[in-house]
$ cat entry38.cif   # mmCIF, C-alpha atoms
data_model
#
loop_
_atom_site.label_atom_id
_atom_site.label_comp_id
_atom_site.auth_asym_id
_atom_site.auth_seq_id
_atom_site.Cartn_x
_atom_site.Cartn_y
_atom_site.Cartn_z
CA MET N 1 -16.55 0.38 32.97
CA ARG N 2 -13.67 0.47 35.34
CA ASP N 3 -10.33 2.05 34.51
CA GLN N 4 -8.64 -1.35 34.58
CA ASP N 5 -11.05 -2.73 31.98
CA ILE N 6 -10.45 0.26 29.71
CA ASP N 7 -6.66 -0.06 30.08
CA ALA N 8 -6.83 -3.78 29.27
CA ALA N 9 -8.96 -3.13 26.17
CA ILE N 10 -6.59 -0.42 24.93
CA ALA N 11 -3.53 -2.62 25.54
CA ALA N 12 -5.13 -5.49 23.58
CA GLU N 13 -5.97 -3.15 20.71
CA GLU N 14 -2.42 -1.76 20.63
CA ARG N 15 -0.94 -5.28 20.58
CA GLU N 16 -3.18 -6.19 17.65
CA LEU N 17 -2.18 -3.03 15.71
CA LEU N 18 1.52 -3.67 16.32
CA ARG N 19 1.12 -7.28 15.20
CA GLN N 20 -0.53 -6.12 11.97
CA ILE N 21 2.17 -3.54 11.26
CA GLY N 22 4.97 -6.08 11.56
CA GLU N 23 8.71 -5.50 11.73
CA GLU N 24 10.80 -2.92 9.89
CA PRO N 25 12.90 -4.55 7.14
CA GLY N 26 16.66 -4.72 7.73
CA TYR N 27 19.03 -2.05 6.45
CA LEU N 28 20.41 -4.17 3.60
CA THR N 29 16.86 -5.00 2.49
CA GLN N 30 16.04 -1.29 2.47
CA VAL N 31 19.18 -0.51 0.43
CA GLY N 32 18.28 -3.28 -2.00
CA SER N 33 14.87 -1.71 -2.49
CA LEU N 34 16.58 1.36 -3.96
CA PHE N 35 17.23 -0.65 -7.13
CA GLY N 36 13.62 -1.69 -7.68
CA GLY N 37 10.71 0.15 -9.21
CA SER N 38 10.56 2.44 -12.18
CA LEU N 39 13.52 4.60 -11.07
CA GLY N 40 15.73 1.79 -9.83
CA TRP N 41 18.00 2.15 -12.84
CA THR N 42 18.99 5.65 -11.73
CA SER N 43 20.16 4.29 -8.40
CA ALA N 44 22.20 1.65 -10.22
CA VAL N 45 23.81 4.29 -12.45
CA VAL N 46 24.61 6.51 -9.44
CA LEU N 47 26.10 3.53 -7.58
CA ALA N 48 28.24 2.55 -10.58
CA ALA N 49 29.46 6.14 -11.07
CA GLN N 50 30.18 6.51 -7.36
CA THR N 51 32.15 3.26 -7.29
CA LEU N 52 34.21 4.20 -10.35
CA MET N 53 34.96 7.66 -8.95
CA PHE N 54 35.97 6.22 -5.60
CA PHE N 55 38.41 3.71 -7.08
CA ALA N 56 39.82 6.32 -9.50
CA GLY N 57 40.25 8.67 -6.52
CA VAL N 58 42.05 5.99 -4.52
CA TYR N 59 44.37 5.32 -7.48
CA ALA N 60 45.08 9.03 -7.88
CA ALA N 61 45.71 9.33 -4.12
CA TRP N 62 48.14 6.41 -4.31
CA ARG N 63 49.98 8.15 -7.16
CA PHE N 64 49.91 11.41 -5.14
CA PHE N 65 51.62 9.82 -2.15
CA ALA N 66 54.14 8.10 -4.44
CA ALA N 67 55.05 11.37 -6.21
CA THR N 68 58.56 12.67 -5.73
CA GLU N 69 58.13 16.12 -7.29
CA THR N 70 55.73 18.91 -6.33
CA LEU N 71 54.20 19.30 -9.78
CA GLU N 72 53.57 15.57 -10.05
CA ALA N 73 51.98 15.59 -6.57
CA LEU N 74 49.65 18.42 -7.64
CA HIS N 75 48.88 16.57 -10.86
CA TRP N 76 47.55 13.58 -8.87
CA GLY N 77 46.45 15.29 -5.65
CA PHE N 78 43.73 17.56 -7.00
CA PRO N 79 41.96 14.81 -8.99
CA ALA N 80 42.22 12.45 -6.01
CA MET N 81 40.62 14.98 -3.69
CA THR N 82 37.91 15.91 -6.19
CA LEU N 83 37.00 12.34 -7.10
CA ILE N 84 36.75 11.16 -3.50
CA ILE N 85 34.67 14.18 -2.46
CA VAL N 86 32.26 13.78 -5.41
CA ALA N 87 31.99 10.03 -4.73
CA THR N 88 31.02 10.85 -1.14
CA ILE N 89 28.42 13.37 -2.32
CA PHE N 90 26.93 10.75 -4.68
CA LYS N 91 26.73 8.27 -1.81
CA ALA N 92 25.07 10.84 0.44
CA ALA N 93 22.55 11.66 -2.30
CA MET N 94 21.08 8.17 -1.92
CA LEU N 95 20.17 8.64 1.75
CA PRO N 96 17.14 10.92 1.17
CA VAL N 97 15.72 8.38 -1.28
CA LEU N 98 16.12 5.67 1.34
CA HIS N 99 14.38 7.83 3.93
CA ILE N 100 11.49 8.66 1.57
CA GLN N 101 10.95 4.96 0.88
CA ARG N 102 10.93 4.26 4.62
CA VAL N 103 8.29 6.97 5.20
CA LEU N 104 6.14 5.68 2.31
CA ARG N 105 6.38 2.14 3.66
CA VAL N 106 5.19 3.28 7.11
CA LEU N 107 2.35 5.29 5.58
CA ALA N 108 1.30 2.26 3.54
CA ARG N 109 1.29 0.12 6.67
CA LEU N 110 -0.90 2.62 8.43
CA GLY N 111 -3.20 2.86 5.41
CA VAL N 112 -2.69 6.61 5.00
CA GLY N 113 -2.73 8.13 1.51
CA ALA N 114 -2.06 6.55 -1.83
CA THR N 115 1.06 4.47 -2.39
CA ARG N 116 2.92 3.83 -5.59
#
$ encode --input "entry38.cif" --output "structure tokens"
Amino acid sequence: MRDQDIDAAIAAEERELLRQIGEEPGYLTQVGSLFGGSLGWTSAVVLAAQTLMFFAGVYAAWRFFAATETLEALHWGFPAMTLIIVATIFKAAMLPVLHIQRVLRVLARLGVGATR
């Protein structure tokens, strides 16, 4: 066989593999998949807690900036800072789960290993 024939055969095989694999789902579809499966309820609880902490932190920050005395500012400032930081940590805790699902999806497409 000539090199051109081999290159053409490899290119055709690669096109067929890529067609079978398909496209990666969109980001919002991937985020929505966090709430499915047997542990989807934990993601929902974390999202609800994160949302409540964020809005409570924003309210406390608003009261902090509206405070006229130092003690009142401290009373609202520390909870505002803590709530917003913890809400951010909760949000960041969801990213590894999203990445793991992406890796499992790719492995399933390639037919490697057992999938859940």
$ atom_distance --input "entry38.cif" --atom1 "atom CA of N:Glu14" --atom2 "atom CA of N:Gln101"
24.8 Å
$ residues_around --input "entry38.cif" --residues "N:Val97" --least-positions-apart "6" --cutoff "10 Å" --atoms "all atoms listed in the file" --output "ChimeraX atom specification"
/N:31,34,43,103
$ atom_distance --input "entry38.cif" --atom1 "atom CA of N:His99" --atom2 "atom CA of N:Tyr27"
11.2 Å
$ closest_residue --input "entry38.cif" --among "N:Ala9, N:Ala66, N:Leu71, N:Leu47" --to "N:Ala93" --atoms "all atoms listed in the file"
N:Leu47
$ resolve_selection --input "entry38.cif" --expression "the PyMOL selection byres ((chain N and resi 73-88) around 8)" --output "PDB file with C-alpha atoms, in the coordinates of the input"
ATOM      1  CA  ALA N  49      29.460   6.140 -11.070  1.00  0.00           C
ATOM      2  CA  GLN N  50      30.180   6.510  -7.360  1.00  0.00           C
ATOM      3  CA  THR N  51      32.150   3.260  -7.290  1.00  0.00           C
ATOM      4  CA  MET N  53      34.960   7.660  -8.950  1.00  0.00           C
ATOM      5  CA  PHE N  54      35.970   6.220  -5.600  1.00  0.00           C
ATOM      6  CA  ALA N  56      39.820   6.320  -9.500  1.00  0.00           C
ATOM      7  CA  GLY N  57      40.250   8.670  -6.520  1.00  0.00           C
ATOM      8  CA  VAL N  58      42.050   5.990  -4.520  1.00  0.00           C
ATOM      9  CA  TYR N  59      44.370   5.320  -7.480  1.00  0.00           C
ATOM     10  CA  ALA N  60      45.080   9.030  -7.880  1.00  0.00           C
ATOM     11  CA  ALA N  61      45.710   9.330  -4.120  1.00  0.00           C
ATOM     12  CA  ARG N  63      49.980   8.150  -7.160  1.00  0.00           C
ATOM     13  CA  PHE N  64      49.910  11.410  -5.140  1.00  0.00           C
ATOM     14  CA  PHE N  65      51.620   9.820  -2.150  1.00  0.00           C
ATOM     15  CA  ALA N  67      55.050  11.370  -6.210  1.00  0.00           C
ATOM     16  CA  THR N  68      58.560  12.670  -5.730  1.00  0.00           C
ATOM     17  CA  GLU N  69      58.130  16.120  -7.290  1.00  0.00           C
ATOM     18  CA  THR N  70      55.730  18.910  -6.330  1.00  0.00           C
ATOM     19  CA  LEU N  71      54.200  19.300  -9.780  1.00  0.00           C
ATOM     20  CA  GLU N  72      53.570  15.570 -10.050  1.00  0.00           C
ATOM     21  CA  ILE N  89      28.420  13.370  -2.320  1.00  0.00           C
ATOM     22  CA  PHE N  90      26.930  10.750  -4.680  1.00  0.00           C
ATOM     23  CA  LYS N  91      26.730   8.270  -1.810  1.00  0.00           C
ATOM     24  CA  ALA N  92      25.070  10.840   0.440  1.00  0.00           C
TER      25      ALA N  92
END
$ atom_distance --input "entry38.cif" --atom1 "atom CA of N:Val46" --atom2 "atom CA of N:Met94"
8.5 Å
$ closest_residue --input "entry38.cif" --among "N:Ala44, N:Trp62, N:Gln30, N:Ala11" --to "N:Ile100" --atoms "only C-alpha atoms"
N:Gln30
$ closest_residue --input "entry38.cif" --among "N:Val45, N:Arg19, N:Ile10, N:Leu98" --to "N:Gly32" --atoms "all atoms listed in the file"
N:Leu98
$ closest_residue --input "entry38.cif" --among "N:Ala48, N:Gly26, N:Ala12, N:Asp3" --to "N:Arg102" --atoms "all atoms listed in the file"
N:Gly26
